[in-house]
Each structure stands twice: as structure tokens, then as C-alpha cells.
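Written out below as C-alpha cells is the structure these notes cover.
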Amino acid sequence: TDRVHQDNENRFLRVSDGSTELLARGMKQLLERVDRSAMEPTDYLLAVVNTLPFERSGVVTAEVYPRVDDRVESFDLVDERGRTIAYELLEAHHRNRTILTPVNLPGQVEVHDLKIRFRAEDLPPCGYRVYRLRVKHGTPHFEQDQQVPTPEQDGCVLENELLRVRVGPGGQIDLTDLESGQHTADLLGFEDVPDCGDAYWFAPDPDAVPFDFQTVRPVITRLEDAPQMQAVRLVYTYGEHRNQIGLTLSLAAGSHQLDVGVDVENRSENHRLRLLVHTDVQADENVSSQPFDCLHRNRVPELPDLRDDWTEPNNGLVSIQDGSRGMSVFNEGLYEYEHLQNERGTLALTLVRATGRIANDPMCTGQDEVEPAAMWEAPENQCLRTTSFRLAVRPGCATPAELMRKLQAFHAPLLSAFGAADGRKFSGGRACVQDS
């Protein structure tokens, strides 16, 4: 019911608030134990943490905030071996930062709030690396590397050492694996079908026609074209109620997967919207993750008369391989998928199922009339809101064990924590005002 779901959303927010605070405290405790003996008192430090039990490398976005009164003009990012690491400055702001201590009252200190991005290499299993910010003093002047988004009417290309992604002017997305040569044309699409079912069962409206996305030309905008990250955004507006889908494609340096962000502004009722991943893998079997295991399923039903809905569950991974060609999809929270029985081996992941009732079966409601009891109504289940999703597409063949490691890395990005070589820079606060 709507009331129960509202309670759930509040509960998830409280879990998120609490876990975020506990994570910040844990990272602070880690920084307090870092060896600073080889650092200059004017240095700052940045710890990058790998929480998984295997070695990893990846692009890190970190927040650093040197004090204004240190007159930091710029800085070099230096690793443990003394090598200078290239980084990009994404954001630069001047603000106050609250200082909390267990002894004094809260205080504030002026800082340059900066967001940087760089590639961290060879992070040890369940371990971390410390990078030093070697300060250059002078008049502060932080020039951002962030680019202004630019329209791309003729499409564009994202490319790193492993993948090439071409976005055509009509929104067609082609993916090429530069290692194996595997090419997939028209990788991503959408399907919107009228739904006269309820919260339990999808029931396509037999008298309605699915929306034809071939008639929609998206607005394409280049978001980034930097050494560490390239990104493009496609915005689709469709249907009588002007539903909007934003599709953000990101390709990080050294990454073998295309990161995909989807945000849906749903304004329609009684329909199902799915993201289509066209794999071009000719195999009936697929592999999907579940708690503590991977499950093999066949898209061809053995007893087709017993089921009329062939969606299946997963908790983050769906993969199709035929021995020479493969495609895997990692996702966060897209629990329902279907391996379609078509020539392109399409994976359909449900984004939105908009219905207004929990159940409309007379066996559930206890009524013989077409209208169910009021207790089964759930108007907010129409999902008339904006919802965001995160997934990634990885071409090529891999074992389930290898894919589960990739899935863990997708779900648990690298963490970072910032501090100062001189631990007193961010301590103190205001002195207590009461008597001893």
C-alpha cells in the first residue's frame, strides 16, 4: 500500500544517513593512523581505499579542502613512490567547513572545497594507498578542467584503450570491443507497453499498441571529453504525456565497461517501460546472479502453457555468452529482466511498472465485480515521479567468478578520505565557555 511504501522510503533514507556517517567516521579513524613521518607539515594527504578482497585499479573522484589561510596556489598529487599523478580539477568553491571535536564546541574554518579526479593503480586487497598533496604557496587560483556541455547534432564518439562507443545523430549507440573486435550495433533501446495488470502481474493491453521509439530523435549533449572520463547524454521525450528519459553514457580511462545512467520522468499511468540491451549473442541460456550463487536459465520455456510472463529475478548481474561472443549487464536495483526470444538476444530490464492496484483479481479481493475493494488501491504505484537507475554493459566472455568480481567492484566503488599532515589543521573548534 502507499502508506507502507512511504514508511519504507523514510526507513531507507535513515539507513543511508546512518551508514554515511559511520563510513565517514571509519575513514577518519583510518587517516589518524596513517604514517606522516616522511611528510612536510604543509602537506595534505588523500587515502584511497579498496574494500574488496582483490587488487583493483580505477578512476577516483575525491573531495579535497585545503585551508584558505595556507595560501595554497596549487598542488601536485604524489604517490608513495614519489611519482607525480595527473589529475583533473572538476569543481572549485570557497566555503566554510565545520570542525567537530569531542572536547570543544563546533567551529568553522575557511577552505577551498575542490573536487578532483585521477586514476588510482594497483590498490591492494582490503587495503589502501596514500597520496600526498604537495602544496605550492602563493595567490590561490584554481582553474577548473570541467567542460561546458555542448550539443552534438551529428553524434559523437567515446573511446579509451579498450572500448569505442559511437552515438549516431538519431541516437543509435554502437559498441566495439577493441580487444576482441566484437561489434554491437544499436546497443540500447526502450520498450513502452500499455499495462492493464496489477502490482503482481504484468498484463499487456490487447487493444493497445506499444510506443514506437523509432519515431523519437533524442537531444544529444557532450558532457565531458577529458583524459580520465568521457560522457554524453541523450534525452528522449515521447508519448501523449511527454514522458522523458535521460540516458547518460560514461567511459572511464582503462575501463572495459560502458557505464549507463538512466533517469525517467514518468507522467503516464498503466504502462511498463523497459530498457533493451541488444546483445547479438545467439544463445538460449543466460546467467543471472542471486544471493550466494549464479543461476543458469533458458529463455525457451519447457512448459509454455503454465506461464504467460517470462520475466526473471536477478540481484545485479545478467550475462549471455555463446563461447565466442558475450555481453554482460551489471545493475543496481533493476531486479526484473527477460531474455527475449528474438534474433538479437535482447535483454529487457524493467525500469517502471505503473499500475494503480495491488491486486484486481476477484480471488484476491473477494468480489465478483470488476472494481476491487478500496484496500487494494495503490495510486502512488503509478510512479508519477522521477526515478534514477545505474547500470553498466561489458562486452566479451568471462566466467561467472570473474563476472561476480566485476559486479562487486560495480557495487562498491573506491573510497577516498582527505586530511592534513599536521593533524591540528582540522581540529580545535571553539573553546568551551563554562567554568572548569
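Chain lettering (A, B, ...) mirrors the order of the C-alpha cells, residue numbering begins at 1 for each chain separately, and ligand numbering begins at 1 in order of display.
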Using only C-alpha atoms, which residues sit within 12 Å of Arg299 of chain A once same-chain residues fewer than 4 positions away are excluded, as an MDAnalysis selection string? chainID A and resid 282:287 303:304 309:312 320 337:342 345:347
Segment 194-233 of chain A residues near segment 161-179 of chain A within 10 Å, closest pair each, using only C-alpha atoms, as a tab-separated table:
residue	atom	partner	partner_atom	distance
A:Gln214	CA	A:Gly170	CA	9.0
A:Thr215	CA	A:Gly170	CA	9.7
A:Val216	CA	A:Gly170	CA	8.3
A:Arg217	CA	A:Gly170	CA	5.5
A:Pro218	CA	A:Gly171	CA	6.0
A:Val219	CA	A:Gly171	CA	8.2
A:Ile220	CA	A:Gly171	CA	7.6
A:Val232	CA	A:Val167	CA	8.6
A:Arg233	CA	A:Val167	CA	9.9
Export, as an mmCIF file, in the first residue's frame, the selected residues with C-alpha atoms.
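New file part-v3.cif:
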data_model
loop_
_atom_site.group_PDB
_atom_site.id
_atom_site.type_symbol
_atom_site.label_atom_id
_atom_site.label_comp_id
_atom_site.auth_asym_id
_atom_site.auth_seq_id
_atom_site.Cartn_x
_atom_site.Cartn_y
_atom_site.Cartn_z
ATOM 1 C CA GLN A 214 11.983 4.754 -33.738
ATOM 2 C CA THR A 215 9.981 7.955 -34.183
ATOM 3 C CA VAL A 216 11.831 9.744 -31.338
ATOM 4 C CA ARG A 217 15.017 11.661 -32.053
ATOM 5 C CA PRO A 218 16.899 12.409 -28.810
ATOM 6 C CA VAL A 219 18.691 15.619 -27.894
ATOM 7 C CA ILE A 220 22.404 14.719 -27.673
ATOM 8 C CA VAL A 232 27.472 12.051 -23.403
ATOM 9 C CA ARG A 233 23.787 12.489 -22.538
#
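Counting only C-alpha atoms and comparing A:Arg132, A:Ile245, A:Pro194, A:Thr221, the residue that lies closest to Pro206 of chain A is A:Pro194.
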Within 12 Å of segment 254-256 of chain A, counting only C-alpha atoms, which residues show up once you throw out same-chain ones fewer than 4 positions away? Write them as a count of residues only, please. 38
Quick one: residues within 8 Å of Gly333 of chain A, only C-alpha atoms, excluding same-chain residues fewer than 4 positions away - as a ChimeraX atom specification? /A:315-316,389
Could you save those same residues with N, CA and C atoms as a short mmCIF file (atom, residue, chain, number, x, y, z; two decimals), in the first residue's frame?
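Resulting contents of part_19.cif:
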data_model
loop_
_atom_site.label_atom_id
_atom_site.label_comp_id
_atom_site.auth_asym_id
_atom_site.auth_seq_id
_atom_site.Cartn_x
_atom_site.Cartn_y
_atom_site.Cartn_z
N ASN A 315 19.99 -10.06 -8.94
CA ASN A 315 20.36 -9.03 -7.96
C ASN A 315 21.61 -8.28 -8.38
N GLY A 316 21.79 -8.10 -9.70
CA GLY A 316 22.88 -7.23 -10.16
C GLY A 316 23.58 -7.66 -11.42
N PHE A 389 18.44 5.29 -12.26
CA PHE A 389 18.97 3.93 -12.28
C PHE A 389 20.44 3.98 -12.70
#
Can you work out which one of A:Asp69, A:Asn50, A:Ala86, A:Val78 has the shortest atom-to-atom distance to Ala226 of chain A, counting only C-alpha atoms? A:Ala86
Calculated over only C-alpha atoms, which of the candidates A:Val193, A:Val260, A:Val68, A:Val4 has the smallest distance to Thr350 of chain A? A:Val193
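Pairwise distance (atom CA of Ala359 of chain A, atom CA of Asp308 of chain A) equals 17.3 Å.
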So which residues touch Val60 of chain A within 9 Å, counting only C-alpha atoms, skipping near sequence neighbours fewer than 3 positions away, as a short mmCIF file (atom, residue, chain, number, x, y, z; two decimals) with all heavy atoms, in the first residue's frame?
data_model
loop_
_atom_site.label_atom_id
_atom_site.label_comp_id
_atom_site.auth_asym_id
_atom_site.auth_seq_id
_atom_site.Cartn_x
_atom_site.Cartn_y
_atom_site.Cartn_z
N VAL A 48 43.05 6.47 -0.59
CA VAL A 48 42.09 5.80 -1.45
C VAL A 48 41.99 4.35 -0.99
O VAL A 48 43.02 3.65 -0.88
CB VAL A 48 42.52 5.86 -2.94
CG1 VAL A 48 41.52 5.12 -3.81
CG2 VAL A 48 42.63 7.31 -3.38
N ILE A 116 38.50 16.63 -7.32
CA ILE A 116 39.49 16.21 -8.30
C ILE A 116 39.20 14.78 -8.75
O ILE A 116 38.50 14.03 -8.08
CB ILE A 116 40.93 16.31 -7.76
CG1 ILE A 116 41.13 15.33 -6.60
CG2 ILE A 116 41.25 17.73 -7.32
CD1 ILE A 116 42.57 15.22 -6.12
N ARG A 117 39.77 14.42 -9.90
CA ARG A 117 39.60 13.07 -10.44
C ARG A 117 40.93 12.59 -11.00
O ARG A 117 41.64 13.32 -11.69
CB ARG A 117 38.53 13.08 -11.54
CG ARG A 117 38.23 11.70 -12.11
CD ARG A 117 36.99 11.74 -13.01
NE ARG A 117 37.17 12.65 -14.13
CZ ARG A 117 36.16 13.25 -14.77
NH1 ARG A 117 34.92 13.03 -14.39
NH2 ARG A 117 36.40 14.06 -15.78
N PHE A 118 41.28 11.33 -10.69
CA PHE A 118 42.52 10.75 -11.17
C PHE A 118 42.38 9.24 -11.18
O PHE A 118 41.40 8.69 -10.67
CB PHE A 118 43.70 11.18 -10.29
CG PHE A 118 43.62 10.69 -8.87
CD1 PHE A 118 44.30 9.56 -8.45
CD2 PHE A 118 42.84 11.36 -7.94
CE1 PHE A 118 44.21 9.10 -7.15
CE2 PHE A 118 42.75 10.92 -6.62
CZ PHE A 118 43.44 9.79 -6.24
N ARG A 119 43.36 8.57 -11.77
CA ARG A 119 43.34 7.11 -11.83
C ARG A 119 44.27 6.56 -10.76
O ARG A 119 45.46 6.88 -10.73
CB ARG A 119 43.74 6.60 -13.20
CG ARG A 119 43.67 5.07 -13.31
CD ARG A 119 43.79 4.56 -14.72
NE ARG A 119 43.80 3.10 -14.77
CZ ARG A 119 42.72 2.33 -14.72
NH1 ARG A 119 41.53 2.90 -14.65
NH2 ARG A 119 42.81 1.03 -14.75
N ALA A 120 43.71 5.71 -9.89
CA ALA A 120 44.50 5.04 -8.85
C ALA A 120 44.83 3.63 -9.32
O ALA A 120 43.94 2.89 -9.74
CB ALA A 120 43.71 4.98 -7.55
N PRO A 413 32.33 1.09 -5.21
CA PRO A 413 33.39 1.91 -5.81
C PRO A 413 34.49 2.23 -4.81
O PRO A 413 34.30 2.10 -3.59
CB PRO A 413 32.64 3.18 -6.26
CG PRO A 413 31.41 3.22 -5.41
CD PRO A 413 31.05 1.79 -5.14
N LEU A 414 35.63 2.65 -5.33
CA LEU A 414 36.76 3.03 -4.47
C LEU A 414 36.37 4.23 -3.62
O LEU A 414 35.67 5.14 -4.08
CB LEU A 414 37.98 3.36 -5.33
CG LEU A 414 38.53 2.21 -6.19
CD1 LEU A 414 39.62 2.72 -7.13
CD2 LEU A 414 39.05 1.08 -5.32
N LEU A 415 36.84 4.23 -2.38
CA LEU A 415 36.53 5.30 -1.43
C LEU A 415 37.75 6.20 -1.25
O LEU A 415 38.89 5.78 -1.48
CB LEU A 415 36.13 4.71 -0.08
CG LEU A 415 34.96 3.72 -0.09
CD1 LEU A 415 34.77 3.14 1.31
CD2 LEU A 415 33.69 4.39 -0.57
N SER A 416 37.53 7.43 -0.80
CA SER A 416 38.64 8.34 -0.55
C SER A 416 38.37 9.15 0.71
O SER A 416 37.21 9.39 1.08
CB SER A 416 38.85 9.28 -1.74
OG SER A 416 37.73 10.13 -1.92
#
When you draw a straight line from atom CA of Leu100 of chain A to atom CA of His137 of chain A, how long is it in Å?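 It comes out at 27.0 Å.
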If DSSP is run on the backbone, what residues of segment 213-326 of chain A are strand (DSSP E)? A reply as a PyMOL selection string would be ideal. chain A and resi 219-225+229-238+243-252+258-265+271-277+285-290+293-298+312-313+317-321+326
Residues of segment 41-120 of chain A within 9 Å of segment 25-31 of chain A: nearest atom pair and distance (Å, one decimal) for each, counting only C-alpha atoms, sorted by chain and number, as CSV?
residue,atom,partner,partner_atom,distance
A:Leu45,CA,A:Leu31,CA,8.7
A:Leu46,CA,A:Leu31,CA,8.6
A:Ala47,CA,A:Leu31,CA,7.3
A:Val49,CA,A:Met27,CA,8.8
Restricting it to C-alpha atoms, dump the selection as an mmCIF file, in the first residue's frame.
data_model
loop_
_atom_site.group_PDB
_atom_site.id
_atom_site.type_symbol
_atom_site.label_atom_id
_atom_site.label_comp_id
_atom_site.auth_asym_id
_atom_site.auth_seq_id
_atom_site.Cartn_x
_atom_site.Cartn_y
_atom_site.Cartn_z
ATOM 1 C CA LEU A 45 47.106 13.642 2.245
ATOM 2 C CA LEU A 46 44.467 11.628 0.398
ATOM 3 C CA ALA A 47 43.793 7.976 1.193
ATOM 4 C CA VAL A 49 40.547 2.630 -0.021
#
Looking at only C-alpha atoms, which of A:Ala231, A:Val103, A:Ala92, A:Leu251 is the one that sits closest to Phe142 of chain A?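 Smallest separation from Phe142 of chain A among the options: A:Ala92.
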Name all residues at most 7 Å from Arg385 of chain A (count only C-alpha atoms; drop same-chain ones fewer than 2 positions away) and give them as JSON, numbers by chain. {"A": [265, 266, 383, 387]}
Go ahead and write the selection's residues with C-alpha atoms as a compact mmCIF listing (two decimals), in the first residue's frame.
# COMPACT_ATOMS: atom_id res chain seq x y z
CA GLU A 265 10.40 11.29 -15.52
CA ASN A 266 7.20 9.27 -15.72
CA CYS A 383 5.16 6.01 -10.20
CA THR A 387 13.45 7.78 -10.78
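Closest approach to Pro53 of chain A among A:Tyr128, A:Ser74, A:Cys196, A:Glu269 is made by A:Tyr128 (distances from only C-alpha atoms).
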Please report the interatomic distance between atom CA of Pro124 of chain A and atom CA of Ala417 of chain A in Å with one decimal. 16.5 Å
Counting only C-alpha atoms, which of A:Gln108, A:Val264, A:Leu114, A:Thr101 gets nearest to Tyr87 of chain A? A:Leu114
Write out as a list of chain:residue names the residues lying within 12 Å of Asp293 of chain A, counting only C-alpha atoms and excluding same-chain residues fewer than 5 positions away.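 The neighbour list is A:Val287, A:Ser288, A:Asn314, A:Asn315, A:Gly316, A:Leu317, A:Pro400, A:Ala401, A:Leu403, A:Met404.
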